[in-house]
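**Q** Hey, dropping input15.cif in here, mmCIF, C-alpha atoms:
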data_start
#
loop_
_atom_site.label_atom_id
_atom_site.label_comp_id
_atom_site.auth_asym_id
_atom_site.auth_seq_id
_atom_site.Cartn_x
_atom_site.Cartn_y
_atom_site.Cartn_z
CA MET A 114 220.67 267.43 249.86
CA TRP A 115 218.30 264.95 251.42
CA ILE A 116 219.37 262.80 254.40
CA ASP A 117 217.67 260.02 256.31
CA VAL A 118 218.42 259.95 260.07
CA SER A 119 217.54 257.08 262.40
CA CYS A 120 218.47 256.58 266.10
CA ALA A 121 218.16 253.72 268.58
CA PRO A 122 219.07 253.55 272.34
CA LEU A 123 221.80 251.20 273.57
CA ASP A 124 221.45 249.20 276.74
CA CYS A 125 224.80 249.92 278.37
CA ASN A 126 224.12 249.73 282.12
CA GLY A 127 222.21 252.96 282.13
CA ASP A 128 224.92 255.08 280.57
CA GLY A 129 222.38 256.75 278.19
CA LEU A 130 224.12 255.86 275.01
CA ALA A 131 222.43 255.74 271.60
CA ILE A 132 223.41 254.81 268.09
CA GLY A 133 222.51 256.84 265.06
CA TYR A 134 222.58 256.32 261.28
CA ILE A 135 222.74 259.06 258.68
CA HIS A 136 222.09 258.20 255.03
CA ASP A 137 222.37 260.49 252.03
CA VAL A 138 219.10 259.78 250.15
CA THR A 139 219.29 262.69 247.75
CA HIS A 140 219.45 260.38 244.75
CA LEU A 141 216.37 258.52 245.96
CA LYS A 142 214.43 261.74 246.43
CA GLU A 143 215.48 262.97 243.01
CA ALA A 144 214.36 259.69 241.48
CA GLU A 145 211.06 259.95 243.35
CA THR A 146 210.58 263.50 242.09
CA ARG A 147 211.34 262.46 238.52
CA LEU A 148 208.84 259.61 238.87
CA ASP A 149 206.15 261.98 240.17
CA GLU A 150 206.83 264.38 237.32
CA ALA A 151 206.69 261.52 234.79
CA ASN A 152 203.37 260.36 236.28
CA GLU A 153 202.01 263.90 236.05
CA ARG A 154 203.10 264.16 232.41
CA LEU A 155 201.58 260.77 231.70
CA ALA A 156 198.33 261.83 233.34
CA LEU A 157 198.26 264.99 231.23
CA GLN A 158 199.01 263.01 228.06
CA LEU A 159 196.25 260.55 228.88
CA ALA A 160 193.87 263.45 229.50
CA ASP A 161 194.89 265.01 226.18
CA LEU A 162 194.42 261.70 224.34
CA THR A 163 191.01 261.31 225.94
CA GLN A 164 190.04 264.81 224.84
CA VAL A 165 191.26 264.16 221.30
CA TYR A 166 189.41 260.83 221.15
CA GLU A 167 186.17 262.39 222.39
CA MET A 168 186.62 265.24 219.94
CA THR A 169 187.15 262.79 217.09
CA GLU A 170 183.94 260.99 218.03
CA ARG A 171 181.99 264.25 217.98
CA LEU A 172 183.49 265.52 214.73
CA THR A 173 182.85 262.29 212.83
CA ALA A 174 179.18 262.61 213.77
CA ARG A 175 178.96 266.15 212.38
CA VAL A 176 177.31 266.71 209.02
CA THR A 177 178.13 270.31 208.17
CA LEU A 178 181.40 272.22 208.15
CA ASP A 179 179.89 274.89 210.40
CA ASP A 180 179.12 272.31 213.09
CA THR A 181 182.67 270.97 212.84
CA LEU A 182 184.30 274.38 213.14
CA HIS A 183 182.05 275.41 216.01
CA ASP A 184 183.05 272.31 217.98
CA VAL A 185 186.73 272.94 217.30
CA LEU A 186 186.48 276.58 218.38
CA ARG A 187 184.57 275.77 221.56
CA GLU A 188 186.73 272.83 222.63
CA GLY A 189 189.89 274.65 221.60
CA ALA A 190 188.87 277.61 223.79
CA ALA A 191 188.37 275.24 226.72
CA VAL A 192 191.83 273.72 226.25
CA LEU A 193 193.60 277.03 225.68
CA GLY A 194 191.67 279.00 228.27
CA ALA A 195 190.59 281.47 225.57
CA ASP A 196 187.74 283.95 225.98
CA LYS A 197 186.69 284.35 222.33
CA ALA A 198 187.26 282.58 219.02
CA VAL A 199 186.45 282.94 215.33
CA ALA A 200 186.92 280.77 212.25
CA ARG A 201 187.59 282.53 208.96
CA THR A 202 187.43 280.52 205.73
CA PHE A 203 188.18 281.50 202.17
CA ASP A 204 185.25 282.36 199.95
CA GLU A 205 184.59 280.82 196.54
CA THR A 206 187.33 282.93 194.95
CA GLY A 207 189.88 281.45 197.35
CA GLU A 208 191.28 284.92 198.00
CA THR A 209 189.09 286.52 200.68
CA LEU A 210 188.63 285.34 204.26
CA VAL A 211 185.12 285.65 205.69
CA SER A 212 183.92 285.04 209.24
CA ARG A 213 182.10 281.73 209.17
CA VAL A 214 181.75 280.50 212.76
CA TRP A 215 182.49 282.15 216.09
CA HIS A 216 182.48 281.39 219.80
CA ASN A 217 181.44 283.74 222.60
CA MET A 218 181.46 286.79 220.35
CA SER A 219 178.73 289.41 220.20
CA ARG A 220 177.45 291.11 217.07
CA GLY A 221 179.51 294.14 218.02
CA ASP A 222 182.63 291.97 218.30
CA LEU A 223 182.02 290.48 214.86
CA ALA A 224 181.34 293.89 213.33
CA ALA A 225 184.65 295.13 214.70
CA VAL A 226 186.55 292.09 213.44
CA ASN A 227 184.91 292.21 210.01
CA GLY A 228 185.82 295.88 209.81
CA LEU A 229 189.48 294.88 209.64
CA GLY A 230 188.93 293.60 206.13
CA PRO A 231 189.39 290.24 204.45
CA ASN A 232 192.54 289.19 206.31
CA LEU A 233 191.25 289.62 209.87
CA VAL A 234 194.39 290.35 211.93
CA LEU A 235 196.70 288.53 209.57
CA ARG A 236 199.03 290.26 207.18
CA ASP A 237 201.27 288.58 204.64
CA GLY A 238 204.03 286.58 206.32
CA MET A 239 202.70 286.81 209.88
CA LEU A 240 202.22 283.06 210.30
CA GLU A 241 205.22 281.05 211.41
CA HIS A 242 206.57 278.15 209.37
CA ASP A 243 204.40 275.73 211.37
CA GLY A 244 201.24 277.64 210.44
CA SER A 245 200.74 279.24 213.85
CA LEU A 246 200.91 282.73 215.30
CA VAL A 247 201.27 283.73 218.96
CA ILE A 248 200.77 287.37 219.93
CA GLU A 249 201.48 287.68 223.64
CA ASP A 250 200.44 291.33 223.93
CA ILE A 251 198.60 292.95 221.04
CA ARG A 252 199.18 296.46 222.38
CA ASN A 253 202.97 296.07 222.40
CA ASP A 254 203.60 293.66 219.53
CA PRO A 255 205.26 295.48 216.60
CA ALA A 256 203.45 293.18 214.14
CA CYS A 257 200.10 294.71 215.18
CA ASP A 258 199.18 298.10 213.74
CA ASP A 259 196.98 300.76 215.33
CA GLU A 260 193.84 299.43 213.66
CA ILE A 261 194.35 295.95 215.12
CA ARG A 262 195.09 297.41 218.56
CA ALA A 263 191.90 299.48 218.43
CA VAL A 264 189.80 296.45 217.52
CA SER A 265 191.42 294.38 220.28
CA VAL A 266 190.36 297.01 222.81
CA THR A 267 186.82 297.02 221.39
CA ILE A 268 186.37 293.27 221.69
CA GLY A 269 188.31 292.97 224.92
CA ILE A 270 191.33 290.83 224.07
CA ARG A 271 195.03 291.36 224.84
CA SER A 272 196.63 288.28 223.27
CA MET A 273 195.91 285.84 220.46
CA TYR A 274 196.70 282.38 219.18
CA VAL A 275 196.07 281.71 215.47
CA LEU A 276 196.31 278.49 213.47
CA ASP A 277 196.26 277.96 209.72
CA LEU A 278 193.39 275.65 208.72
CA LEU A 279 195.04 273.30 206.23
CA GLY A 280 193.45 270.69 204.01
CA PRO A 281 195.02 267.24 203.45
CA ASP A 282 196.93 268.62 200.45
CA GLY A 283 198.48 271.41 202.49
CA ARG A 284 196.30 274.09 200.92
CA SER A 285 195.09 276.78 203.31
CA LEU A 286 191.33 276.76 203.84
CA GLY A 287 191.32 279.66 206.31
CA VAL A 288 192.37 280.40 209.88
CA LEU A 289 191.16 279.68 213.41
CA ALA A 290 191.85 282.44 215.95
CA TRP A 291 191.45 282.40 219.75
CA GLY A 292 191.56 285.58 221.82
CA PHE A 293 192.50 286.04 225.50
CA GLY A 294 191.56 288.83 227.86
CA THR A 295 195.04 289.01 229.40
CA PRO A 296 198.57 289.09 227.97
CA GLY A 297 200.40 285.79 227.67
CA LYS A 298 200.54 282.68 225.57
CA PRO A 299 199.24 279.09 225.80
CA THR A 300 201.55 276.37 227.03
CA GLY A 301 203.19 273.97 224.61
CA ARG A 302 200.81 271.21 225.65
CA GLN A 303 197.77 273.43 225.11
CA ARG A 304 199.01 274.47 221.67
CA GLN A 305 199.65 270.85 220.70
CA VAL A 306 196.07 269.82 221.51
CA ALA A 307 194.67 272.83 219.66
CA ARG A 308 196.82 272.02 216.62
CA THR A 309 195.48 268.45 216.67
CA TYR A 310 191.92 269.77 216.70
CA CYS A 311 192.77 272.11 213.84
CA ARG A 312 194.28 269.31 211.74
CA MET A 313 191.14 267.22 212.22
CA ALA A 314 188.98 270.18 211.25
CA GLY A 315 191.04 270.71 208.09
CA GLN A 316 190.64 267.09 207.06
CA ILE A 317 186.90 267.16 207.69
CA ALA A 318 186.53 270.54 205.97
CA GLU A 319 188.12 269.21 202.80
CA ASN A 320 186.07 266.01 202.95
CA ASN A 321 182.91 268.09 203.36
CA ARG A 322 183.88 270.23 200.39
CA LEU A 323 184.33 267.18 198.19
CA TYR A 324 181.18 265.62 199.64
CA ASP A 325 179.13 268.75 198.92
CA ARG A 326 180.54 268.90 195.40
CA GLU A 327 179.54 265.30 194.66
CA HIS A 328 176.16 265.91 196.29
CA GLN A 329 175.58 268.92 194.03
CA ILE A 330 176.68 267.03 190.92
CA ALA A 331 174.51 264.05 191.80
CA ASN A 332 171.49 266.27 192.47
CA THR A 333 172.01 268.09 189.18
CA LEU A 334 172.36 264.78 187.34
CA GLN A 335 169.32 263.36 189.05
CA ARG A 336 167.11 266.33 188.25
CA SER A 337 168.33 266.55 184.67
CA MET A 338 167.19 262.97 184.14
CA LEU A 339 163.71 263.46 185.59
CA ALA A 340 160.88 264.31 183.22
CA LYS A 341 160.79 268.10 182.82
CA ASP A 342 157.20 268.22 181.58
CA LEU A 343 154.81 265.30 181.78
CA PRO A 344 152.87 264.60 178.56
CA ARG A 345 149.41 266.09 178.16
CA LEU A 346 146.99 263.16 178.33
CA ASP A 347 143.33 263.14 177.28
CA GLY A 348 141.04 262.13 180.13
CA ILE A 349 143.84 261.94 182.72
CA GLU A 350 145.05 264.54 185.20
CA VAL A 351 148.59 264.04 186.49
CA ALA A 352 151.01 265.87 188.76
CA ALA A 353 154.54 264.99 189.88
CA TYR A 354 156.75 266.18 192.70
CA SER A 355 160.29 265.43 193.83
CA LEU A 356 162.10 266.49 196.98
CA ALA A 357 165.81 266.05 197.65
CA GLY A 358 166.88 264.66 201.02
CA ALA A 359 168.17 266.78 203.89
CA GLN A 360 171.38 268.81 203.75
CA GLY A 361 174.35 266.56 204.12
CA MET A 362 172.65 263.55 202.64
CA GLN A 363 173.82 262.36 199.23
CA ALA A 364 171.47 262.49 196.30
CA GLY A 365 169.49 259.33 195.81
CA GLY A 366 168.14 257.44 192.83
CA ASP A 367 164.40 258.24 192.89
CA TRP A 368 162.71 258.72 189.54
CA TYR A 369 159.29 259.04 187.92
CA ASP A 370 158.02 259.18 184.35
CA ALA A 371 154.87 259.14 182.23
CA VAL A 372 154.44 257.68 178.74
CA SER A 373 151.64 258.31 176.26
CA LEU A 374 150.31 255.01 174.83
CA PRO A 375 147.98 254.20 171.94
CA ARG A 376 144.19 254.57 172.30
CA ASP A 377 144.52 257.36 174.90
CA LYS A 378 146.12 255.04 177.42
CA ALA A 379 149.12 256.07 179.49
CA GLY A 380 151.90 254.39 181.42
CA PHE A 381 153.15 255.77 184.72
CA THR A 382 156.24 254.66 186.57
CA ILE A 383 158.12 255.48 189.72
CA GLY A 384 161.21 253.87 191.21
CA ASP A 385 164.12 254.02 193.59
CA VAL A 386 167.70 252.79 193.12
CA MET A 387 169.40 251.49 196.25
CA GLY A 388 172.39 253.63 197.19
CA LYS A 389 173.35 257.28 197.12
CA GLY A 390 175.49 259.70 195.19
CA LEU A 391 176.66 259.66 191.59
CA PRO A 392 176.39 255.85 191.11
CA ALA A 393 172.74 255.84 192.17
CA ALA A 394 171.91 258.91 190.08
CA ALA A 395 173.60 257.42 187.01
CA ALA A 396 171.85 254.06 187.45
CA MET A 397 168.55 255.86 187.92
CA GLY A 398 168.98 257.64 184.59
CA GLN A 399 169.69 254.41 182.73
CA LEU A 400 166.78 252.57 184.34
CA ARG A 401 164.35 255.40 183.66
CA THR A 402 165.45 255.57 180.02
CA GLY A 403 165.22 251.80 179.65
CA LEU A 404 161.76 251.63 181.19
CA HIS A 405 160.54 254.49 179.02
CA SER A 406 161.70 252.60 175.93
CA TYR A 407 160.07 249.33 177.02
CA ALA A 408 156.84 251.17 177.83
CA LEU A 409 156.68 252.62 174.32
CA VAL A 410 156.79 249.08 172.91
CA GLU A 411 154.77 247.05 175.43
CA GLY A 412 153.44 249.66 177.82
CA GLU A 413 150.01 248.07 178.14
CA ASP A 414 151.58 245.03 179.82
CA PRO A 415 153.13 246.12 183.18
CA VAL A 416 154.59 242.67 183.90
CA ALA A 417 156.43 242.61 180.55
CA VAL A 418 157.80 246.13 181.10
CA LEU A 419 159.21 245.33 184.54
CA THR A 420 160.54 241.95 183.43
CA ASP A 421 162.50 243.57 180.60
CA LEU A 422 163.72 246.26 182.99
CA ASN A 423 165.03 243.60 185.39
CA THR A 424 166.86 241.89 182.53
CA LEU A 425 168.46 245.21 181.55
CA MET A 426 169.54 245.89 185.10
CA VAL A 427 171.10 242.44 185.57
CA GLN A 428 172.87 242.31 182.21
CA MET A 429 174.31 245.82 182.51
CA ASP A 430 175.01 245.51 186.25
CA LEU A 431 173.50 248.94 186.82
CA ALA A 432 173.01 248.63 190.59
CA ASP A 433 172.73 246.06 193.34
CA MET A 434 169.01 246.58 193.75
CA ALA A 435 166.17 248.86 192.74
CA THR A 436 162.42 248.99 193.24
CA ALA A 437 159.82 250.18 190.74
CA ALA A 438 156.11 250.45 190.11
CA TYR A 439 154.44 250.62 186.72
CA ALA A 440 150.77 251.38 186.06
CA ALA A 441 149.03 251.20 182.67
CA VAL A 442 145.99 253.48 182.93
CA ASP A 443 142.99 253.19 180.58
CA PRO A 444 140.74 256.27 180.98
CA HIS A 445 137.99 254.79 178.77
CA ARG A 446 137.60 251.60 180.77
CA ARG A 447 138.40 253.58 183.93
CA ARG A 448 140.93 251.18 185.32
CA ALA A 449 144.64 250.72 185.92
CA GLU A 450 146.75 247.59 185.62
CA ILE A 451 149.60 247.75 188.13
CA ALA A 452 152.74 245.69 188.66
CA LEU A 453 155.35 246.24 191.35
CA ALA A 454 158.97 245.24 191.77
CA GLY A 455 159.42 245.35 195.53
CA HIS A 456 158.04 248.89 195.60
CA CYS A 457 155.76 250.69 198.06
CA PRO A 458 152.07 249.80 197.54
CA PRO A 459 150.20 252.37 195.40
CA LEU A 460 147.30 254.19 197.04
CA VAL A 461 143.85 254.50 195.47
CA VAL A 462 141.63 257.31 196.75
CA HIS A 463 137.95 257.71 195.91
CA GLY A 464 135.57 259.83 197.93
CA ASP A 465 135.78 258.86 201.59
CA ASP A 466 137.67 255.65 200.88
CA ALA A 467 141.41 255.09 200.43
CA TYR A 468 143.15 251.72 200.14
CA PHE A 469 146.55 250.34 199.20
CA VAL A 470 147.10 247.97 196.29
CA ARG A 471 148.61 245.04 198.19
CA SER A 472 148.93 242.39 195.47
CA GLY A 473 151.27 242.28 192.50
CA HIS A 474 154.29 243.16 194.63
CA GLY A 475 157.03 241.05 193.10
CA VAL A 476 160.63 241.19 194.26
CA PRO A 477 163.05 244.09 193.73
CA LEU A 478 164.88 244.51 190.44
CA GLY A 479 168.36 243.09 190.12
CA ILE A 480 167.62 239.40 190.65
CA ALA A 481 169.24 237.12 188.08
CA GLY A 482 167.13 234.12 187.06
CA GLY A 483 163.55 233.40 188.03
CA TRP A 484 162.48 236.99 188.53
CA HIS A 485 158.70 237.40 188.35
CA THR A 486 155.92 239.74 189.35
CA ASP A 487 152.15 239.79 188.97
CA ALA A 488 149.75 242.49 187.94
CA GLU A 489 146.56 243.69 189.60
CA ILE A 490 143.71 245.55 187.95
CA VAL A 491 142.06 248.30 190.01
CA ASP A 492 138.96 250.28 189.12
CA LEU A 493 139.18 254.06 188.96
CA PRO A 494 135.67 255.56 189.13
CA PRO A 495 135.13 259.23 188.22
CA GLY A 496 137.19 261.41 190.53
CA ALA A 497 139.36 258.49 191.72
CA MET A 498 143.05 259.18 192.24
CA LEU A 499 146.03 256.81 192.04
CA ILE A 500 149.11 257.82 194.01
CA LEU A 501 152.56 256.37 193.32
CA TYR A 502 155.40 257.36 195.65
CA THR A 503 158.84 256.38 196.94
CA ASP A 504 159.66 255.19 200.45
CA GLY A 505 161.06 258.55 201.59
CA LEU A 506 157.45 259.72 201.95
CA VAL A 507 156.42 257.06 204.47
CA GLU A 508 159.55 255.73 206.20
CA ARG A 509 160.90 257.10 209.47
CA ARG A 510 163.71 255.63 211.51
CA ASP A 511 161.80 255.64 214.76
CA GLU A 512 158.53 254.03 213.70
CA ASP A 513 156.97 251.07 211.93
CA LEU A 514 156.25 251.36 208.21
CA ASP A 515 152.53 250.80 208.79
CA ALA A 516 152.38 254.07 210.74
CA GLY A 517 153.81 255.92 207.77
CA LEU A 518 151.39 254.27 205.37
CA GLU A 519 148.44 255.18 207.56
CA ARG A 520 149.68 258.77 207.77
CA LEU A 521 149.77 258.88 203.96
CA ARG A 522 146.29 257.37 203.70
CA ARG A 523 144.80 259.99 206.03
CA ALA A 524 146.63 262.80 204.23
CA ALA A 525 145.34 261.61 200.86
CA LEU A 526 141.75 261.60 202.12
CA ALA A 527 142.16 265.28 202.99
CA ALA A 528 143.92 266.19 199.73
CA PRO A 529 142.75 269.33 197.86
CA ASP A 530 140.72 269.06 194.69
CA GLU A 531 143.33 270.71 192.47
CA ILE A 532 145.66 267.98 191.22
CA ASP A 533 148.66 270.36 191.24
CA HIS A 534 148.18 270.89 194.99
CA VAL A 535 147.96 267.21 195.92
CA CYS A 536 151.67 266.38 196.03
CA PRO A 537 152.75 269.42 198.11
CA HIS A 538 149.89 268.61 200.48
CA LEU A 539 151.11 265.04 200.92
CA ILE A 540 154.68 266.24 201.51
CA GLU A 541 153.51 268.71 204.15
CA ARG A 542 151.33 266.21 205.99
CA CYS A 543 153.60 263.17 205.79
CA LEU A 544 156.84 264.95 206.67
CA ALA A 545 155.41 267.29 209.32
CA GLY A 546 157.77 267.68 212.25
CA THR A 547 160.65 265.94 210.47
CA THR A 548 163.31 266.65 207.89
CA ALA A 549 163.33 264.48 204.79
CA GLU A 550 166.47 262.35 205.13
CA ASP A 551 165.74 260.40 201.95
CA ASP A 552 164.64 261.63 198.56
CA VAL A 553 160.92 261.69 197.86
CA ALA A 554 159.10 261.33 194.55
CA ILE A 555 155.31 261.35 194.03
CA LEU A 556 153.00 260.86 191.06
CA ALA A 557 149.32 261.73 191.48
CA ILE A 558 147.00 260.46 188.71
CA ARG A 559 143.28 261.27 188.60
CA LEU A 560 140.49 260.31 186.24
CA PRO A 561 137.94 263.18 186.23
#
Represent the supplied structure as structure tokens.

**A**
Amino acid sequence: MWIDVSCAPLDCNGDGLAIGYIHDVTHLKEAETRLDEANERLALQLADLTQVYEMTERLTARVTLDDTLHDVLREGAAVLGADKAVARTFDETGETLVSRVWHNMSRGDLAAVNGLGPNLVLRDGMLEHDGSLVIEDIRNDPACDDEIRAVSVTIGIRSMYVLDLLGPDGRSLGVLAWGFGTPGKPTGRQRQVARTYCRMAGQIAENNRLYDREHQIANTLQRSMLAKDLPRLDGIEVAAYSLAGAQGMQAGGDWYDAVSLPRDKAGFTIGDVMGKGLPAAAAMGQLRTGLHSYALVEGEDPVAVLTDLNTLMVQMDLADMATAAYAAVDPHRRRAEIALAGHCPPLVVHGDDAYFVRSGHGVPLGIAGGWHTDAEIVDLPPGAMLILYTDGLVERRDEDLDAGLERLRRAALAAPDEIDHVCPHLIERCLAGTTAEDDVAILAIRLP
């Protein structure tokens, strides 16, 4: 019981009287206590929501599944007060769990855990209906056998909390396990936050799996459509190189090709479809095939080839936009006629001089009505080299394009004599200190 007492003196001719009031305020104190408890719960909920929001921001920025799982293990350990954690995911067979990511575990810890076999500490039926498992004391829990107890002593844990890693379709992708150095179990609030993290990880894991599958298909499609072997051309040396973008990036639509023309001439093309993934790879294949066909018919006229290619792209609605370069090379007259459709300027290298072909740019492919480009004729003296490339070779997010072009120019001046070594040299010099985020394609053409 809570009471409120107040007293006040009475002026009664010095008789020393006072008046007092006693109030039962128990109900007020109880209400105040309930309000304080509600405020505390609200503060904890707000803190949990803040943690979940910040976690969501971090996870959406992650590219790989390993990064995602590592964040979930680390942040989950902080919430739960766990000492160690491990993520086990199913292998390609979908039957065996393998340690994929861990937190605060030594090599000896991992060796001990892996020694338990494919199911870690889980046996059939150990997970509860909600996909979780709480072992308050491994040494005394009847569900844990002697082998599990021995491993727990080795790695220094007494209790565990395990969650099933579920994909959006409810299929198990693996388990996340946190270990504690003392007996006990996490609070309901702690478990709720950890489950939220786990659900997010499951969603992202499945998305990454589908993303990686499409990336692999698109890369396979892209490479299957590139020229396997360039034609052998009299009086012309040629080498090609392609490099897929960094892990986590979708396959792009870069392509290159070479066409043998009458009278020992040859047509060379390179291009890039805007976009990523299967649509870009499919559009790339159609554009490359179309250009190859047009080059066989009118390959000595670069403007006509690119004009027909633009018509094909517009009429078939292959992509929103693409860029391309086409060069008709005449080894007898030692010159090349070049036309561009919004593509990077070709580079001509001869001796100690290297310059970009700046005219004949034209606009990108995909413009309906009024599309036009011009051609420029460049001389190719003995030993001169013409380099066609895609923008992944020269563009970086943190710098102006001119810096990338100058880097390419300097690299080309220092290129080796062997034509087969030129493209790898350019890749090494132009992408030094960075990871290729975009696909790269290069054609190096030399007239001996």

**Q** Could you tell me which of A:Thr309, A:Thr424, A:Asn126, A:Asn321 comes closest to Trp484 (chain A) if we count only C-alpha atoms?

**A** A:Thr424

**Q** Written as a PyMOL selection string, which residues does the PyMOL selection byres ((chain A and resi 269) around 10) give for the file shown?

**A** chain A and resi 196-197+222+263-268+270-272+292-295

**Q** For this file, the PyMOL selection byres ((chain A and resi 519-523) around 10) selects which residues, as a list in words?

**A**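 That selection, the PyMOL selection byres ((chain A and resi 519-523) around 10), comes back as Leu460, Val461, Val462, Asp466, Ala467, Tyr468, Phe469, Leu506, Val507, Leu514, Asp515, Ala516, Gly517, Leu518, Ala524, Ala525, Leu526, Ala527, Ala528, Leu539, Ile540, Arg542, Cys543 and Leu544 of chain A.
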
**Q** Between A:Arg510, A:Leu229, A:Val418, A:Thr181, which one has atoms that come closest to His405 (chain A), using all atoms listed in the file?

**A**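 That would be A:Val418, the residue with the smallest distance to His405 (chain A).
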
**Q** Could you tell me how far CA of Ile490 (chain A) lies from CA of Leu453 (chain A), in Å and to one decimal?

**A**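 Here the two named atoms are 12.1 Å from each other.
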
**Q** Find the residues near Asp492 (chain A): any atom within 10 Å, counting only C-alpha atoms, skip ones fewer than 4 places away on the same chain, and give them as an MDAnalysis selection string.

**A** chainID A and resid 442:443 446:450 461 497

**Q** Determine the residue set returned by the PyMOL selection byres ((chain A and resi 438) around 10) for the present structure, and present it as an MDAnalysis selection string.

**A** chainID A and resid 369 381:385 415 419 436:437 439:440 451:459 473:475 501:503

**Q** Rounded to one decimal in Å, what is the spacing between CA of Gln399 (chain A) and CA of Asn423 (chain A)?

**A** 12.1 Å

**Q** Residues within 12 Å of (198.4, 270.0, 214.6), file coordinates, counting all atoms listed in the file: what are they? Give the list as a list of chain:residue names.

**A** A:Val165, A:Gly189, A:Asp243, A:Gly244, A:Ser245, A:Val275, A:Leu276, A:Asp277, A:Leu278, A:Leu279, A:Gly280, A:Pro281, A:Gly301, A:Arg302, A:Gln303, A:Arg304, A:Gln305, A:Val306, A:Ala307, A:Arg308, A:Thr309, A:Tyr310, A:Cys311, A:Arg312, A:Met313, A:Ala314, A:Gly315, A:Gln316
